[in-house]
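Below you'll find the structure, written out as structure tokens, and then a few comments.
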Amino acid sequence: MLINFILNHNPVSVDAPADITLLALLRDHFKLTGTKEACEVGECGACSVLLDGELANSCLVAAPSVMGRDVVTIEGIHAEDGGPNDLQRNFIEKGAVQCGFCIPGMVIAGEALLAIKSEPSRLEIREALAGNLCRCTGYMQIVDAIETTAKGRAEKPHPEKREN
Amino acid sequence: MTNLKFVGHPAQRVDALDKVMGKTKYVGDMSLPGMLYARTLRSELPHARIVKLDTSPALKVPGVVAVVTSADFVNHSNFGFPISDMYMLAYEKVRYVGEGIASVAAETPEAALEGVNAIICEMEPLPAVFDMAHALDPDAPQIGPDRSDGKHPNYIGHYPVYKGNPQEKLPQCDVVVDQNYETVMQEHAYLETEGGLAIPTPEGGVVVYLSCQSPFIPRNDLCKVLGLPADRVRVIVPPVGGSFGGKDDLNYQTAGQVAALALKAKRPVRMTFSREESIIASYKRGSMRMNIKLGADQDGTLRACEFRSLYDSGAYSSQSPFTSWRASIHAMGAYRYEDCTVDIDTVYTNTGYAGAYRGFGNTEVCSGIEQAIDEMADALKMDPLEFRLKNCLKVGDVTPHGQLLSESVGLSDCLLAVRKMSDWDRKRKEFANQSPSSEKRRGVGVSALFHGTSLGAEGLDEATATIEIHADNQVTLTSGLTDYGTGARTVYTLIAAEILGIQPERIKVHNPDTNTAKDSGPTVASRTTILAGNSVRVAAQNLLQNLDWAAADLLKCDVYQVHRVSEDYIGPSKEPVSWDIVVKHAREMGLVLSAFGRWSAPQIHWDEEKGTGTPYFAYHFGAQVAEVEVDLKTGHTDVINIWAVHDIGKVIFPQGAYGQLYGGISHGLGYGLYEDLDYQNGYAQSINFDTYLIPTAMDMPEIQGGFVEASFSAGPFGAKNIAEPAMVPTAPAILNAIANATGRRIRKLPANLERVMLGKELTKKGSPFSCKVALKIT
Amino acid sequence: MAKYDYVLAKSLDHAVELLNESGIRSIPLAGGTDIYVAIRVNPVWFDRLVDIRRIPELNKVSLDKDQVKFGAAVTFSHAIKNPILLKVAPFLVEACKTIGGPAVRNCGTFGGNVSNAAACADSLPSLVCLEAVAHLCSPKGQRQVKVENLVKGPHETQIETGELLTHFTFQVPPKNAKSCFIKIGRRKAQSISRLSIAVIGAVNPAGMVDYIRVCPGAAVATPVRFPQVEAVLLGKKPNKESITAASEQLVADMIQSTGRRWSTEYKEITLKAIAERSLTKIFLEDGHHVN
């Protein structure tokens, strides 16, 4: 069936079967492989996307249900010049990245939090990441990266946005 | 070494940018034109004879292109090291639930699954043994291969350490502790599941992109089972989404399956696992039952240790002979004893199978010995941290293995550091005076560890790196050892940048590739920084010699008069010349701008019969303190704080080292509190992350870490290692903290709700249902 | 070939019509957080998903006099931020906060949680305490069933094929009522309830309990109130002794209902403890004030 929606800030139209998830739509039909498949039961958050600005597990979202909605994947998160934005730079600076498989989901979860909370505590950051599993980092440096970004954005008059 | 510019300074992980942008391509993200999707038929029975295997119905399924079984390989696809007991696909028998039987390649994943379900596979169930205590019963069904030495075929090996006679010494000690401890199976839970992509070559060979740790092992295995020479099989390791010891044997089978299918179909074939398939089919940390007897005198001197243990390797030996050996070496902990013996016996059962997992035997034994040490301190009415300080290994000590420790033993410093950081003395006093009626109780516990660096006497220990300056002056490095998330590439980059005096941004590390890198042994045992790091150091030094000659020629001086400041070469009188000009001049002089670096570990020896020798050339040391709050009425344990200080030698890449430390602690916290890959009658009872729980960001405390840099003279810039040992002491520190809080000891891991509250486990009746369904559907 | 079809319902009537189209086995889809998990380990049992998430009235929370009404497609995240629910049913909000991770709470709905009817469903104990009523709509008309009666067993409800759970209603509890929800999980986040409890109660001006509802989760086959437990407290001045007696009654009633099972040895101690803690919280400490 034909699905029209906004993907990474651009309108798209795709003909896809009705019985697939948003995760499969992104990976198989749009070849956006930054969104990862790791449990497919909504437990690990590797497939996190922003759906109308809110954090969602794309493995639990019916692909046709995004009709007319706004989907942002990791490929849609970057600075204006296409390079890493402040959050992504802080992930690099703080050593928050190891194997990297959970990282697109972690960046998305971080953006979802920062969109609704400008200066979250470390505990609030941990709560916001509770649906995103990481087996490499013990989460410390991921929390550091989000905390530092929040402080940076709070100081700036015009916080860096994720739009391209 | 005070003037280091890159080593030990904050740095950016070389592969982090692509990862934060979502651009990194793991195997499951790769696709090629005409690529087929593969799926493997897996056993639904824990032990059975294959009576009939007819794959022809699969080939009639629309979309199915090729099917392979063990008959499509040389020698029935037999492989495995050190014991060749495995097959790429089952031959005659299956020995665990999830074992691969036949593989199908099709145009779509759905057609591949349909093909798998169409295969006619008739099985005759065989009696099975699930309890390691009965594996060696005379009437136990045979799981292991036939053997000619008269020993039980389910017997894998005996791993001893012998010093003196603790059986005689123990009765002479003032206090004896005699306790049993037990660990259960742990799932690696790497976020990326297993996968491989095989591409047939025009010459009749195959290239395999494989998510694994050690590409030369599957390359060599593939040559053997496919009957191809080395030049026709190439294994490349793309970015790996975590491994922790877990992407060896099972994914070598994946490599065999996709390679055989690709050769048969003459098209690229990719296989990726669902989480359920991954957990059902993959090997785990094995379970261990230990009996530990410790003897000490009233003054707090530890005198004797007698350690006996049974280790369950499950259906295949995999790395268990090495895991068991490493366990035996570390079983007594990092302490001095007059007399000490260790006996570990390892057996086959039909309970999944055990292989390598972070800590590799030490994680298991440390959870036993570090509790026993605490129990001894309690019996002596000594502070457990003080007791450890009094008895722990120091420079100049001889270990129970007979090894003189001549340098780089930072354990006392680690213990003193965590004592101070955690405010240990005050907390122990305060928690001793908690109200007996309070339902929530606090406790602190400590654990120490030592961990032999690299392979030790397991095998030949050397690594090779190459370095090359290209026409555009970019520098590339190769290593036979893999960075499967650890940060090794960044370590190589910093070492090479330091030696050459150039910015790390100039250097690029290639993916491990059996066609371009040199076999450097397996990427295991936390050996990469020392082995590969040293080989990169040597390669860079070899390259630097040529650049120095070119610089001397440009600067019209002797080579010994050349020195470098930043990227400039300076001679006695002339203006400085830049690195780029020196490289250009070297090229014009016809000097070779590539080099090779090999580094071999110091010679060591182990006598397997006498249980004595020099097991490792160096040791990592560390200590961790955990603070917990235990809810006596619900059994919930909240880990509030962890302090961790490890002697890792010189720190090369600080963010990476801390990342390894924190990540290791998260594996240890899960191991201590809830991770239990329970098998009932051979069926895994948790097959996805909804029931197999690993720590979330909410479960991990804020960790305070630190490093004691007890320089190791043979390490690159004095470095040792960190990856595995970071997790080893965490679980026992938590268990000791729970005992401090509650006065009760949990001697079987994990300290889950029921065990903490009731002091015993509750057993739920298991079911084969989810495994069977998942193998057919997901 | 798709295994099943998808259709977006434009209105309530449209959804009911779609769910009752003959020859097509249709089921409602809201958050998807249970359906996609279920079809991973079960063969697909339907032909079509009818997406009800965008039907406006199914997404509303409203207060009319003393009755709260909220749609079946209201998500847990919506509930956590909703001022009406925060004010009149704080323990329901507390329960919602313990469900899944943030992403699951953004998608998961009350309608899904109730109709999936897992024994450990975290919104159920509070809904049962509130005596929430589920409103079901079908071509035959509307019917109302108390949530407590709607759930017949684990993953089993009275909802019939073709019937759509549209919304819930409950009467605002007494103004002076206090409530509490406690959950025990194996992990601190994203954890299935090992055991939970919801309680809400109030005392009259004389200090006697005149309103009390107790419903544990994951203790017995379905989330139900325990009248005998409530009777222990009702009409008496709450104190340590009566709370202990009520908690012991709850454990006895649980064992009577389930018999002694593998987990009873654990649950009898823990249920008593969380019952004592929750009742102490509402009667002897501050609790979560309603209004």
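In the structure tokens, chains take letters A, B, ... by order of appearance, with residues numbered from 1 within each chain and ligands from 1 in the order shown.
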Next item on the list: Fewer than 6 positions away in the same chain doesn't count, so skip those; otherwise give me all residues within 9 Å of C:Asp47, counting only C-alpha atoms, as an MDAnalysis selection string.
Entry: chainID C and resid 3:6 24:27
Based on the selection just made, write all heavy atoms of those residues as a tab-separated table (two decimals), in the first residue's frame.
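Heads up, here's the output in out-v4.tsv:
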```
chain	number	residue	atom	x	y	z
C	3	LYS	N	0.96	-10.96	5.12
C	3	LYS	CA	0.26	-11.91	5.98
C	3	LYS	C	-1.04	-11.31	6.50
C	3	LYS	O	-1.95	-12.02	6.89
C	3	LYS	CB	1.14	-12.28	7.17
C	3	LYS	CG	2.33	-13.16	6.81
C	3	LYS	CD	2.87	-13.80	8.09
C	3	LYS	CE	4.36	-14.04	8.05
C	3	LYS	NZ	5.20	-12.84	8.21
C	4	TYR	N	-1.10	-9.99	6.57
C	4	TYR	CA	-2.32	-9.34	7.04
C	4	TYR	C	-2.37	-7.92	6.46
C	4	TYR	O	-1.35	-7.39	6.00
C	4	TYR	CB	-2.39	-9.31	8.57
C	4	TYR	CG	-1.16	-8.75	9.24
C	4	TYR	CD1	-1.02	-7.38	9.46
C	4	TYR	CD2	-0.12	-9.60	9.63
C	4	TYR	CE1	0.11	-6.87	10.05
C	4	TYR	CE2	1.02	-9.10	10.23
C	4	TYR	CZ	1.14	-7.74	10.44
C	4	TYR	OH	2.27	-7.23	11.02
C	5	ASP	N	-3.55	-7.36	6.52
C	5	ASP	CA	-3.76	-6.03	5.95
C	5	ASP	C	-3.84	-4.99	7.08
C	5	ASP	O	-3.89	-5.34	8.27
C	5	ASP	CB	-5.06	-6.04	5.14
C	5	ASP	CG	-5.09	-4.90	4.12
C	5	ASP	OD1	-4.08	-4.17	4.02
C	5	ASP	OD2	-6.11	-4.74	3.45
C	6	TYR	N	-3.84	-3.77	6.69
C	6	TYR	CA	-3.92	-2.67	7.65
C	6	TYR	C	-4.91	-1.65	7.14
C	6	TYR	O	-4.94	-1.36	5.94
C	6	TYR	CB	-2.54	-2.01	7.79
C	6	TYR	CG	-2.56	-0.66	8.47
C	6	TYR	CD1	-2.29	-0.55	9.84
C	6	TYR	CD2	-2.84	0.51	7.74
C	6	TYR	CE1	-2.33	0.70	10.45
C	6	TYR	CE2	-2.86	1.75	8.36
C	6	TYR	CZ	-2.60	1.83	9.72
C	6	TYR	OH	-2.62	3.05	10.33
C	24	ILE	N	-13.53	-11.13	7.15
C	24	ILE	CA	-12.17	-10.62	7.44
C	24	ILE	C	-11.99	-10.58	8.95
C	24	ILE	O	-12.71	-9.87	9.65
C	24	ILE	CB	-11.96	-9.21	6.85
C	24	ILE	CG1	-12.24	-9.21	5.35
C	24	ILE	CG2	-10.54	-8.71	7.14
C	24	ILE	CD1	-12.24	-7.82	4.73
C	25	ARG	N	-11.06	-11.39	9.42
C	25	ARG	CA	-10.80	-11.36	10.87
C	25	ARG	C	-10.00	-10.10	11.18
C	25	ARG	O	-8.83	-10.01	10.83
C	25	ARG	CB	-10.03	-12.61	11.30
C	25	ARG	CG	-10.78	-13.94	11.10
C	25	ARG	CD	-9.86	-15.12	11.34
C	25	ARG	NE	-8.72	-15.09	10.41
C	25	ARG	CZ	-7.62	-15.84	10.53
C	25	ARG	NH1	-7.50	-16.68	11.54
C	25	ARG	NH2	-6.65	-15.75	9.65
C	26	SER	N	-10.66	-9.14	11.83
C	26	SER	CA	-10.00	-7.87	12.11
C	26	SER	C	-9.80	-7.70	13.61
C	26	SER	O	-10.64	-8.11	14.40
C	26	SER	CB	-10.85	-6.70	11.60
C	26	SER	OG	-11.01	-6.80	10.20
C	27	ILE	N	-8.67	-7.12	13.97
C	27	ILE	CA	-8.46	-6.78	15.38
C	27	ILE	C	-8.02	-5.32	15.47
C	27	ILE	O	-7.39	-4.80	14.54
C	27	ILE	CB	-7.43	-7.70	16.08
C	27	ILE	CG1	-6.04	-7.56	15.44
C	27	ILE	CG2	-7.88	-9.16	16.06
C	27	ILE	CD1	-4.94	-8.10	16.32
```
Using only C-alpha atoms, find each residue in chain A having at least one atom no more than 7 Å away from chain B; report its shortest atom-to-atom pair and that distance in Å (one decimal), rows by chain then rising number, as JSON lines.
```
{"residue": "A:Thr33", "atom": "CA", "partner": "B:Asp29", "partner_atom": "CA", "distance": 5.7}
{"residue": "A:Gly34", "atom": "CA", "partner": "B:Gly22", "partner_atom": "CA", "distance": 4.2}
{"residue": "A:Ala38", "atom": "CA", "partner": "B:Leu191", "partner_atom": "CA", "distance": 5.9}
{"residue": "A:Cys39", "atom": "CA", "partner": "B:Arg275", "partner_atom": "CA", "distance": 5.3}
{"residue": "A:Glu43", "atom": "CA", "partner": "B:Phe689", "partner_atom": "CA", "distance": 6.0}
{"residue": "A:Ile74", "atom": "CA", "partner": "B:Gly22", "partner_atom": "CA", "distance": 5.8}
{"residue": "A:Glu75", "atom": "CA", "partner": "B:Gly22", "partner_atom": "CA", "distance": 6.2}
{"residue": "A:Pro84", "atom": "CA", "partner": "B:Met21", "partner_atom": "CA", "distance": 6.7}
{"residue": "A:Gln88", "atom": "CA", "partner": "B:Val20", "partner_atom": "CA", "distance": 5.7}
{"residue": "A:Ile92", "atom": "CA", "partner": "B:Ala16", "partner_atom": "CA", "distance": 5.8}
{"residue": "A:Glu93", "atom": "CA", "partner": "B:Gln12", "partner_atom": "CA", "distance": 6.1}
{"residue": "A:Lys94", "atom": "CA", "partner": "B:Gln655", "partner_atom": "CA", "distance": 6.8}
{"residue": "A:Gly95", "atom": "CA", "partner": "B:Gln655", "partner_atom": "CA", "distance": 5.0}
{"residue": "A:Val97", "atom": "CA", "partner": "B:Ala16", "partner_atom": "CA", "distance": 6.1}
{"residue": "A:Gln98", "atom": "CA", "partner": "B:Gly485", "partner_atom": "CA", "distance": 4.7}
{"residue": "A:Cys99", "atom": "CA", "partner": "B:Gly485", "partner_atom": "CA", "distance": 3.5}
{"residue": "A:Gly100", "atom": "CA", "partner": "B:Lys19", "partner_atom": "CA", "distance": 5.5}
{"residue": "A:Phe101", "atom": "CA", "partner": "B:Gly241", "partner_atom": "CA", "distance": 5.2}
{"residue": "A:Cys102", "atom": "CA", "partner": "B:Leu191", "partner_atom": "CA", "distance": 6.8}
{"residue": "A:Ile103", "atom": "CA", "partner": "B:Val20", "partner_atom": "CA", "distance": 6.1}
{"residue": "A:Pro104", "atom": "CA", "partner": "B:Gly22", "partner_atom": "CA", "distance": 5.6}
{"residue": "A:Arg126", "atom": "CA", "partner": "B:Ala697", "partner_atom": "CA", "distance": 5.1}
{"residue": "A:Glu127", "atom": "CA", "partner": "B:Met698", "partner_atom": "CA", "distance": 6.1}
{"residue": "A:Leu129", "atom": "CA", "partner": "B:Ala697", "partner_atom": "CA", "distance": 6.1}
{"residue": "A:Ala130", "atom": "CA", "partner": "B:Ala697", "partner_atom": "CA", "distance": 5.4}
{"residue": "A:Leu133", "atom": "CA", "partner": "B:Thr696", "partner_atom": "CA", "distance": 5.9}
{"residue": "A:Arg135", "atom": "CA", "partner": "B:Tyr190", "partner_atom": "CA", "distance": 6.2}
{"residue": "A:Cys136", "atom": "CA", "partner": "B:Gly663", "partner_atom": "CA", "distance": 4.8}
{"residue": "A:Thr137", "atom": "CA", "partner": "B:Gly663", "partner_atom": "CA", "distance": 4.1}
{"residue": "A:Gly138", "atom": "CA", "partner": "B:Gly663", "partner_atom": "CA", "distance": 4.2}
{"residue": "A:Tyr139", "atom": "CA", "partner": "B:Ala697", "partner_atom": "CA", "distance": 5.8}
{"residue": "A:Met140", "atom": "CA", "partner": "B:Tyr662", "partner_atom": "CA", "distance": 6.9}
```
Show me, as a compact mmCIF listing (two decimals) with all heavy atoms, in the first residue's frame, the residues of chain A whose atoms get within 7 Å of chain C, using only C-alpha atoms for the distance check.
```
# COMPACT_ATOMS: atom_id res chain seq x y z
N PRO A 17 4.36 -3.38 1.68
CA PRO A 17 3.32 -4.28 2.18
C PRO A 17 2.73 -3.76 3.49
O PRO A 17 3.41 -3.04 4.24
CB PRO A 17 4.04 -5.60 2.42
CG PRO A 17 5.43 -5.43 1.93
CD PRO A 17 5.68 -3.99 1.67
N ALA A 18 1.50 -4.14 3.79
CA ALA A 18 0.82 -3.63 4.99
C ALA A 18 1.33 -4.30 6.26
O ALA A 18 1.14 -3.77 7.35
CB ALA A 18 -0.68 -3.87 4.86
N ASP A 19 1.97 -5.47 6.11
CA ASP A 19 2.29 -6.24 7.31
C ASP A 19 3.72 -6.05 7.78
O ASP A 19 4.29 -6.93 8.42
CB ASP A 19 2.00 -7.73 7.06
CG ASP A 19 2.93 -8.32 6.00
OD1 ASP A 19 3.54 -7.54 5.24
OD2 ASP A 19 3.03 -9.56 5.93
N VAL A 41 11.20 -6.73 19.97
CA VAL A 41 10.08 -6.81 20.92
C VAL A 41 10.01 -5.56 21.80
O VAL A 41 9.41 -5.57 22.86
CB VAL A 41 10.14 -8.09 21.79
CG1 VAL A 41 9.91 -9.33 20.96
CG2 VAL A 41 11.45 -8.17 22.57
N LEU A 55 9.84 9.75 21.23
CA LEU A 55 10.63 8.53 21.10
C LEU A 55 9.70 7.34 20.84
O LEU A 55 8.70 7.16 21.53
CB LEU A 55 11.41 8.31 22.41
CG LEU A 55 12.43 7.17 22.42
CD1 LEU A 55 13.59 7.49 21.48
CD2 LEU A 55 12.95 6.96 23.84
N ALA A 56 10.05 6.52 19.85
CA ALA A 56 9.27 5.32 19.57
C ALA A 56 10.20 4.18 19.17
O ALA A 56 11.27 4.42 18.62
CB ALA A 56 8.27 5.58 18.45
N ASN A 57 9.76 2.95 19.48
CA ASN A 57 10.48 1.76 19.00
C ASN A 57 9.91 1.43 17.63
O ASN A 57 8.76 0.99 17.53
CB ASN A 57 10.25 0.58 19.94
CG ASN A 57 10.90 0.78 21.29
OD1 ASN A 57 12.04 1.21 21.39
ND2 ASN A 57 10.17 0.46 22.35
N LEU A 60 7.89 -1.72 16.82
CA LEU A 60 6.54 -1.93 17.32
C LEU A 60 5.54 -0.99 16.64
O LEU A 60 4.40 -0.87 17.08
CB LEU A 60 6.48 -1.71 18.84
CG LEU A 60 7.35 -2.61 19.72
CD1 LEU A 60 7.15 -2.27 21.19
CD2 LEU A 60 7.03 -4.08 19.48
N VAL A 61 5.98 -0.32 15.59
CA VAL A 61 5.10 0.61 14.90
C VAL A 61 4.74 0.02 13.53
O VAL A 61 5.62 -0.34 12.76
CB VAL A 61 5.79 1.99 14.73
CG1 VAL A 61 4.93 2.92 13.87
CG2 VAL A 61 6.08 2.61 16.08
N ALA A 128 15.32 8.48 31.01
CA ALA A 128 15.02 8.65 29.58
C ALA A 128 15.70 7.59 28.73
O ALA A 128 15.26 7.29 27.62
CB ALA A 128 15.44 10.04 29.12
N ALA A 130 16.17 4.45 29.81
CA ALA A 130 15.89 3.13 30.40
C ALA A 130 15.41 2.10 29.38
O ALA A 130 15.52 0.90 29.62
CB ALA A 130 14.88 3.26 31.53
N GLY A 131 14.88 2.57 28.25
CA GLY A 131 14.43 1.62 27.23
C GLY A 131 15.47 1.38 26.14
O GLY A 131 15.17 0.75 25.13
```
Margin query: Distance limit 8 Å, atoms considered: only C-alpha atoms. Which chain C residues sit that close to chain B? Return them as an NGL selection string.
Written below: :C and (40-43 or 184 or 186-190 or 262-263 or 266 or 269-270 or 273)
Checklist line | stretch 204-212 of chain B environment, 8 Å, only C-alpha atoms, sequence neighbours closer than 3 positions dropped, as a PyMOL selection string | finding: chain B and resi 26-27+194-201+215+228+232-241+243+247-248+251-252+255+259+262-263+484
Do a neighbour search on A:Thr148 at 10 Å with only C-alpha atoms, toss out local chain neighbours closer than 2 positions, and write the hits as a compact mmCIF listing (two decimals) with all heavy atoms, in the first residue's frame.
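Okay, part.txt is ready:
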```txt
# COMPACT_ATOMS: atom_id res chain seq x y z
N ASP A 86 25.75 18.98 18.20
CA ASP A 86 26.42 19.09 19.50
C ASP A 86 26.30 17.80 20.32
O ASP A 86 27.25 17.37 20.96
CB ASP A 86 25.87 20.30 20.29
CG ASP A 86 24.35 20.30 20.38
OD1 ASP A 86 23.71 19.51 19.68
OD2 ASP A 86 23.82 21.12 21.16
N LEU A 87 25.14 17.17 20.27
CA LEU A 87 24.97 15.92 21.03
C LEU A 87 25.88 14.83 20.48
O LEU A 87 26.57 14.12 21.23
CB LEU A 87 23.49 15.48 20.96
CG LEU A 87 23.16 14.17 21.70
CD1 LEU A 87 23.46 14.28 23.18
CD2 LEU A 87 21.70 13.78 21.49
N ASN A 90 29.39 15.47 21.45
CA ASN A 90 29.65 15.12 22.85
C ASN A 90 29.73 13.61 23.07
O ASN A 90 30.46 13.15 23.94
CB ASN A 90 28.59 15.74 23.75
CG ASN A 90 28.86 17.23 23.97
OD1 ASN A 90 30.01 17.63 24.10
ND2 ASN A 90 27.81 18.04 23.96
N PHE A 91 28.97 12.85 22.30
CA PHE A 91 29.12 11.38 22.37
C PHE A 91 30.57 11.01 22.03
O PHE A 91 31.17 10.16 22.67
CB PHE A 91 28.17 10.68 21.38
CG PHE A 91 26.85 10.26 21.99
CD1 PHE A 91 25.91 11.19 22.37
CD2 PHE A 91 26.56 8.91 22.21
CE1 PHE A 91 24.69 10.81 22.93
CE2 PHE A 91 25.35 8.51 22.77
CZ PHE A 91 24.41 9.46 23.13
N LYS A 94 33.12 12.46 24.88
CA LYS A 94 33.04 11.83 26.20
C LYS A 94 33.39 10.35 26.18
O LYS A 94 33.37 9.69 27.22
CB LYS A 94 31.64 12.01 26.79
CG LYS A 94 31.24 13.44 27.04
CD LYS A 94 32.05 14.03 28.19
CE LYS A 94 31.81 15.51 28.34
NZ LYS A 94 32.67 16.11 29.37
N GLU A 119 17.17 21.07 31.09
CA GLU A 119 18.32 20.75 31.94
C GLU A 119 18.03 19.54 32.83
O GLU A 119 17.84 19.67 34.03
CB GLU A 119 18.72 21.96 32.77
CG GLU A 119 19.50 22.96 31.93
CD GLU A 119 20.10 24.07 32.79
OE1 GLU A 119 21.22 23.89 33.28
OE2 GLU A 119 19.41 25.10 32.96
N ILE A 142 27.61 7.93 28.20
CA ILE A 142 26.42 8.35 27.43
C ILE A 142 25.66 9.40 28.24
O ILE A 142 25.23 10.43 27.71
CB ILE A 142 25.54 7.12 27.10
CG1 ILE A 142 26.29 6.18 26.16
CG2 ILE A 142 24.20 7.57 26.49
CD1 ILE A 142 25.57 4.86 25.86
N VAL A 143 25.52 9.14 29.54
CA VAL A 143 24.86 10.12 30.41
C VAL A 143 25.68 11.42 30.41
O VAL A 143 25.12 12.52 30.31
CB VAL A 143 24.69 9.56 31.85
CG1 VAL A 143 24.10 10.62 32.77
CG2 VAL A 143 23.81 8.32 31.84
N ASP A 144 27.00 11.29 30.49
CA ASP A 144 27.88 12.48 30.44
C ASP A 144 27.60 13.31 29.19
O ASP A 144 27.50 14.54 29.24
CB ASP A 144 29.37 12.08 30.41
CG ASP A 144 29.84 11.44 31.70
OD1 ASP A 144 29.13 11.54 32.71
OD2 ASP A 144 30.93 10.82 31.68
N ALA A 145 27.51 12.61 28.05
CA ALA A 145 27.36 13.31 26.76
C ALA A 145 26.04 14.09 26.72
O ALA A 145 25.99 15.24 26.27
CB ALA A 145 27.43 12.31 25.61
N ILE A 146 24.98 13.47 27.21
CA ILE A 146 23.67 14.14 27.18
C ILE A 146 23.64 15.29 28.18
O ILE A 146 23.14 16.37 27.88
CB ILE A 146 22.54 13.11 27.44
CG1 ILE A 146 22.52 12.06 26.32
CG2 ILE A 146 21.18 13.81 27.57
CD1 ILE A 146 21.58 10.90 26.55
N ALA A 150 23.01 19.19 27.23
CA ALA A 150 21.92 19.97 27.83
C ALA A 150 22.45 21.30 28.36
O ALA A 150 21.87 22.36 28.13
CB ALA A 150 21.26 19.17 28.93
N LYS A 151 23.58 21.23 29.05
CA LYS A 151 24.18 22.45 29.61
C LYS A 151 24.55 23.41 28.49
O LYS A 151 24.31 24.60 28.57
CB LYS A 151 25.40 22.12 30.46
CG LYS A 151 25.00 21.55 31.82
CD LYS A 151 26.20 21.24 32.69
CE LYS A 151 25.76 20.58 33.98
NZ LYS A 151 26.75 19.64 34.50
N GLY A 152 25.15 22.86 27.45
CA GLY A 152 25.56 23.69 26.32
C GLY A 152 24.38 24.37 25.65
O GLY A 152 24.42 25.55 25.32
N ARG A 153 23.31 23.62 25.47
CA ARG A 153 22.14 24.19 24.80
C ARG A 153 21.46 25.23 25.69
O ARG A 153 20.89 26.20 25.18
CB ARG A 153 21.14 23.09 24.43
CG ARG A 153 21.65 22.22 23.29
CD ARG A 153 20.60 21.24 22.79
NE ARG A 153 21.21 20.33 21.82
CZ ARG A 153 20.57 19.36 21.18
NH1 ARG A 153 19.27 19.18 21.42
NH2 ARG A 153 21.20 18.59 20.33
N ALA A 154 21.50 25.00 26.99
CA ALA A 154 20.87 25.95 27.91
C ALA A 154 21.61 27.28 27.90
O ALA A 154 21.01 28.34 28.05
CB ALA A 154 20.83 25.36 29.32
```
